[in-house]
Amino acid sequence: MKRRQFIRLLGGAAAWPGRAFAQQGTPVIGFLSGASSWEFAHAADAFRRGLADAGYVEGRDVLIEYRWAEGRYDRVSTLVGDLIRRGVAVIAATGGVASVLAAKAATSSIPIVFANGGDPVKLGVVERLNRPGGNITGATFFNNALGPKRLQVLRDVAPKATTIALLVNPGNPNTEFDAKEIESAARSLGLRILRVNAGSEREFDLAFAIMAEQGVGALIVNADAFFYARRDQLIELATRLAVPAIYELREFAMVGGLMSYGANIAEALARPASMWVASSAAKRPATCRSSRRRGSSSSSISRLPRHSASPSRPRCSRSPTR
């Protein structure tokens with residue numbers, strides 16, 4: 001995107017009633033995440049890089065108000081309300097679908113741009129991919145839809161396993177959709193899925209005790225911001241369980257998890273950041289398009305396609321420490 005286009009975007013935002021601008025006329029973006037600030041700092045860095053690519057530097061050309069739910073989805077609505085009272089020009093909803101749904105429910109006038117790993121149509125985020133409707137647009141990399149593929153990879157690694165544990169966070173709006181897809185794929189492979197819930201740290205030990213009691217042969221840790229923030233703890237518990245485990249993001253494999261299969265979230269945030277903000281302000285919301293991006297991380301795990309709406313073939317690799 002060219003700087004001139006981005007100037008039109010933010011110039012248009014200045015005309016919206018109640019939007020936040022510093023005294024010098026600098027627009028304010030609300031960055032909302034369901035994740036934790038210390039664990040998802042790289043995502044915020046990637047978002048800033050995307051803005052910088054459009055010629056806008058935080059603190060010089062634009063201000064950003066950050067709100068982090070720290071993996072506690074019940075806090076997201078309060079954080080959205082805080083940003084609305086601040087009068088931000090745009091809300092960038094990241095770190096899970098809970099932040100997107102909360103922002104959508106809270107405002108029909110402030111433009112919302114999102115990054116999400118689930119299907120935004122099934123989750124009720126947008127009406128259609130090519131015509132989202134309302135005041136919302138963004139990009140999805142369909143990371144959550146890769147659950148059946150993670151199951152297939154796990155089966156290749158542990159062909160004798162007949163019962164696969166699926167660790168999910170019941171508070172995550174994606175959970176039911178993800179679990180049903182994985183369970184359907186398991187039935188076609190003649191496998192049994194043991195769905196185990198864990199919505200807090202104190203429930204982790206109980207969840208893994210259930211897995212041990214049921215004699216699971218492998219483990220899928222479902223995509224979730226709360227799990228991501230506690231990946232060291234989950235990897236340690238999976239190691240004690242002594243079964244192969246697969247995770248959503250490369251960061252799990254980088255700190256000792258056996259393997260991961262999924263998108264590079266930082267890369268996904270960096271590339272479309274300026275496009276999201278620009279399209280939400282420069283166009284009528286009803287004509288903004290939701291970008292569809294498939295793929296996964298770079299390096300040894302996988303690679304996100306460079307500006308392509310067509311699917312790419314993700315790759316899986318094992319932890320470099322194993």
# chains A, B, ... in the order shown; residues from 1 in each chain; ligands from 1

call {"tool": "closest_atom_pairs", "arguments": {"of": "stretch 40-158 of chain A", "to": "stretch 226-249 of chain A", "cutoff": "9 Å", "atoms": "only C-alpha atoms", "output": "tab-separated table"}}
result
residue	atom	partner	partner_atom	distance
A:Phe40	CA	A:Ala229	CA	8.0
A:Glu70	CA	A:Phe226	CA	7.3
A:Gly71	CA	A:Phe226	CA	4.2
A:Arg72	CA	A:Phe226	CA	7.3
A:Tyr73	CA	A:Phe226	CA	8.9
A:Asn143	CA	A:Glu248	CA	7.7
A:Asn144	CA	A:Glu248	CA	8.2
A:Leu146	CA	A:Glu248	CA	8.5
A:Gly147	CA	A:Glu248	CA	8.4
A:Arg150	CA	A:Ile246	CA	6.8
A:Leu151	CA	A:Ile246	CA	8.3
A:Val153	CA	A:Ile246	CA	8.4
A:Leu154	CA	A:Ile246	CA	6.8
A:Val157	CA	A:Pro244	CA	7.6
A:Ala158	CA	A:Pro244	CA	7.1

call {"tool": "select_by_dssp", "arguments": {"residues": "stretch 74-299 of chain A", "states": "strand (DSSP E)", "output": "tab-separated table (two decimals) with N, CA and C atoms, in the first residue's frame"}}
result
chain	number	residue	atom	x	y	z
A	90	VAL	N	-9.90	3.10	15.10
A	90	VAL	CA	-10.02	1.75	14.55
A	90	VAL	C	-9.69	0.77	15.67
A	91	ILE	N	-10.36	-0.39	15.68
A	91	ILE	CA	-10.01	-1.46	16.61
A	91	ILE	C	-9.39	-2.60	15.81
A	92	ALA	N	-8.17	-2.97	16.16
A	92	ALA	CA	-7.50	-4.12	15.56
A	92	ALA	C	-7.66	-5.28	16.53
A	93	ALA	N	-8.49	-6.27	16.18
A	93	ALA	CA	-8.82	-7.37	17.07
A	93	ALA	C	-7.98	-8.59	16.72
A	94	THR	N	-7.16	-9.04	17.66
A	94	THR	CA	-6.23	-10.14	17.42
A	94	THR	C	-6.27	-11.10	18.61
A	112	ILE	N	-13.59	-2.16	12.53
A	112	ILE	CA	-12.88	-3.25	13.18
A	112	ILE	C	-12.12	-4.03	12.12
A	113	VAL	N	-10.85	-4.27	12.37
A	113	VAL	CA	-10.04	-5.11	11.49
A	113	VAL	C	-9.51	-6.26	12.32
A	114	PHE	N	-9.52	-7.47	11.77
A	114	PHE	CA	-9.20	-8.63	12.59
A	114	PHE	C	-8.16	-9.53	11.94
A	115	ALA	N	-7.52	-10.32	12.79
A	115	ALA	CA	-6.69	-11.45	12.37
A	115	ALA	C	-7.19	-12.64	13.15
A	116	ASN	N	-7.57	-13.70	12.45
A	116	ASN	CA	-8.20	-14.82	13.12
A	116	ASN	C	-7.83	-16.13	12.44
A	136	ILE	N	-16.81	-4.30	9.72
A	136	ILE	CA	-15.72	-5.22	10.03
A	136	ILE	C	-15.10	-5.82	8.78
A	137	THR	N	-13.81	-5.96	8.79
A	137	THR	CA	-13.07	-6.63	7.72
A	137	THR	C	-11.78	-7.17	8.31
A	138	GLY	N	-11.01	-7.91	7.53
A	138	GLY	CA	-9.77	-8.43	8.06
A	138	GLY	C	-9.26	-9.61	7.27
A	139	ALA	N	-8.52	-10.47	7.93
A	139	ALA	CA	-7.90	-11.61	7.26
A	139	ALA	C	-7.96	-12.83	8.16
A	140	THR	N	-8.14	-13.98	7.56
A	140	THR	CA	-8.09	-15.24	8.29
A	140	THR	C	-7.09	-16.17	7.63
A	163	THR	N	-6.45	-44.16	20.60
A	163	THR	CA	-7.16	-43.10	21.32
A	163	THR	C	-6.27	-41.87	21.37
A	164	ILE	N	-6.77	-40.77	20.82
A	164	ILE	CA	-6.02	-39.51	20.76
A	164	ILE	C	-6.69	-38.50	21.68
A	165	ALA	N	-5.93	-37.92	22.58
A	165	ALA	CA	-6.47	-36.88	23.45
A	165	ALA	C	-6.49	-35.54	22.71
A	166	LEU	N	-7.55	-34.79	22.89
A	166	LEU	CA	-7.67	-33.44	22.34
A	166	LEU	C	-7.88	-32.49	23.50
A	167	LEU	N	-6.85	-31.70	23.81
A	167	LEU	CA	-6.94	-30.72	24.89
A	167	LEU	C	-7.53	-29.43	24.37
A	168	VAL	N	-8.64	-28.98	24.96
A	168	VAL	CA	-9.32	-27.78	24.49
A	168	VAL	C	-9.63	-26.87	25.66
A	192	ARG	N	-10.35	-42.93	18.03
A	192	ARG	CA	-11.21	-42.36	19.07
A	192	ARG	C	-10.57	-41.09	19.60
A	193	ILE	N	-11.38	-40.03	19.70
A	193	ILE	CA	-10.90	-38.76	20.26
A	193	ILE	C	-11.44	-38.63	21.68
A	194	LEU	N	-10.54	-38.41	22.62
A	194	LEU	CA	-10.92	-38.11	24.00
A	194	LEU	C	-10.78	-36.61	24.21
A	195	ARG	N	-11.91	-35.92	24.25
A	195	ARG	CA	-11.87	-34.47	24.44
A	195	ARG	C	-11.70	-34.17	25.92
A	196	VAL	N	-10.67	-33.38	26.25
A	196	VAL	CA	-10.37	-33.05	27.65
A	196	VAL	C	-10.33	-31.52	27.77
A	197	ASN	N	-11.10	-31.00	28.73
A	197	ASN	CA	-11.19	-29.56	28.92
A	197	ASN	C	-10.17	-29.05	29.93
A	218	ALA	N	-1.63	-40.53	22.03
A	218	ALA	CA	-1.07	-39.31	21.44
A	218	ALA	C	-1.95	-38.14	21.88
A	219	LEU	N	-1.46	-36.93	21.61
A	219	LEU	CA	-2.14	-35.73	22.10
A	219	LEU	C	-2.12	-34.62	21.06
A	220	ILE	N	-3.28	-33.97	20.88
A	220	ILE	CA	-3.39	-32.74	20.10
A	220	ILE	C	-3.74	-31.62	21.07
A	221	VAL	N	-2.94	-30.58	21.12
A	221	VAL	CA	-3.25	-29.39	21.92
A	221	VAL	C	-3.90	-28.38	20.97
A	245	ALA	N	2.99	-35.49	20.98
A	245	ALA	CA	2.02	-34.39	21.00
A	245	ALA	C	2.30	-33.43	19.85
A	246	ILE	N	1.23	-32.87	19.31
A	246	ILE	CA	1.35	-31.88	18.23
A	246	ILE	C	0.62	-30.61	18.65
A	247	TYR	N	1.19	-29.48	18.26
A	247	TYR	CA	0.69	-28.18	18.68
A	247	TYR	C	0.38	-27.32	17.46
A	259	MET	N	6.32	-31.37	17.97
A	259	MET	CA	6.12	-30.87	16.62
A	259	MET	C	4.91	-29.95	16.60
A	260	SER	N	4.84	-29.14	15.55
A	260	SER	CA	3.72	-28.23	15.37
A	260	SER	C	3.35	-28.17	13.90
A	291	SER	N	-9.80	-11.02	3.70
A	291	SER	CA	-8.79	-11.81	3.00
A	291	SER	C	-8.76	-13.22	3.55
A	292	ARG	N	-8.58	-14.17	2.67
A	292	ARG	CA	-8.48	-15.56	3.08
A	292	ARG	C	-7.06	-16.02	2.83

call {"tool": "select_by_dssp", "arguments": {"residues": "stretch 150-187 of chain A", "states": "helix (DSSP H, G or I)", "output": "PyMOL selection string"}}
result
chain A and resi 150-157+175-187

call {"tool": "write_last_selection", "arguments": {"atoms": "C-alpha atoms", "output": "CSV table (one decimal), in the first residue's frame"}}
result
chain,number,residue,atom,x,y,z
A,150,ARG,CA,-2.6,-32.3,12.7
A,151,LEU,CA,-4.4,-35.5,13.4
A,152,GLN,CA,-3.2,-37.1,10.2
A,153,VAL,CA,0.4,-36.0,11.0
A,154,LEU,CA,0.1,-37.4,14.5
A,155,ARG,CA,-1.2,-40.7,13.2
A,156,ASP,CA,1.9,-41.0,11.0
A,157,VAL,CA,4.1,-40.5,14.0
A,175,THR,CA,-13.5,-24.9,20.6
A,176,GLU,CA,-16.8,-26.6,19.5
A,177,PHE,CA,-16.1,-26.0,15.7
A,178,ASP,CA,-12.5,-27.3,16.0
A,179,ALA,CA,-13.4,-30.3,18.1
A,180,LYS,CA,-16.2,-31.4,15.8
A,181,GLU,CA,-13.9,-31.2,12.7
A,182,ILE,CA,-11.2,-33.3,14.5
A,183,GLU,CA,-13.7,-35.8,15.8
A,184,SER,CA,-15.2,-36.2,12.3
A,185,ALA,CA,-11.7,-36.8,10.8
A,186,ALA,CA,-10.9,-39.3,13.6
A,187,ARG,CA,-14.0,-41.4,12.8

call {"tool": "atom_distance", "arguments": {"atom1": "atom CA of A:Gly190", "atom2": "atom CA of A:Ala161"}}
result
10.6 Å

call {"tool": "atom_distance", "arguments": {"atom1": "atom CA of A:Val216", "atom2": "atom CA of A:Pro170"}}
result
20.2 Å

call {"tool": "closest_residue", "arguments": {"among": "A:Pro27, A:Gly199, A:Gly55, A:Pro111", "to": "A:Asp224", "atoms": "only C-alpha atoms"}}
result
A:Gly199

call {"tool": "atom_distance", "arguments": {"atom1": "atom CA of A:Val88", "atom2": "atom CA of A:Gly30"}}
result
5.7 Å

call {"tool": "closest_residue", "arguments": {"among": "A:Ala105, A:Ile265, A:Phe204, A:Val255", "to": "A:Ala41", "atoms": "only C-alpha atoms"}}
result
A:Ile265

call {"tool": "closest_residue", "arguments": {"among": "A:Ile29, A:Ala223, A:Val125, A:Leu79", "to": "A:Arg250", "atoms": "only C-alpha atoms"}}
result
A:Ala223
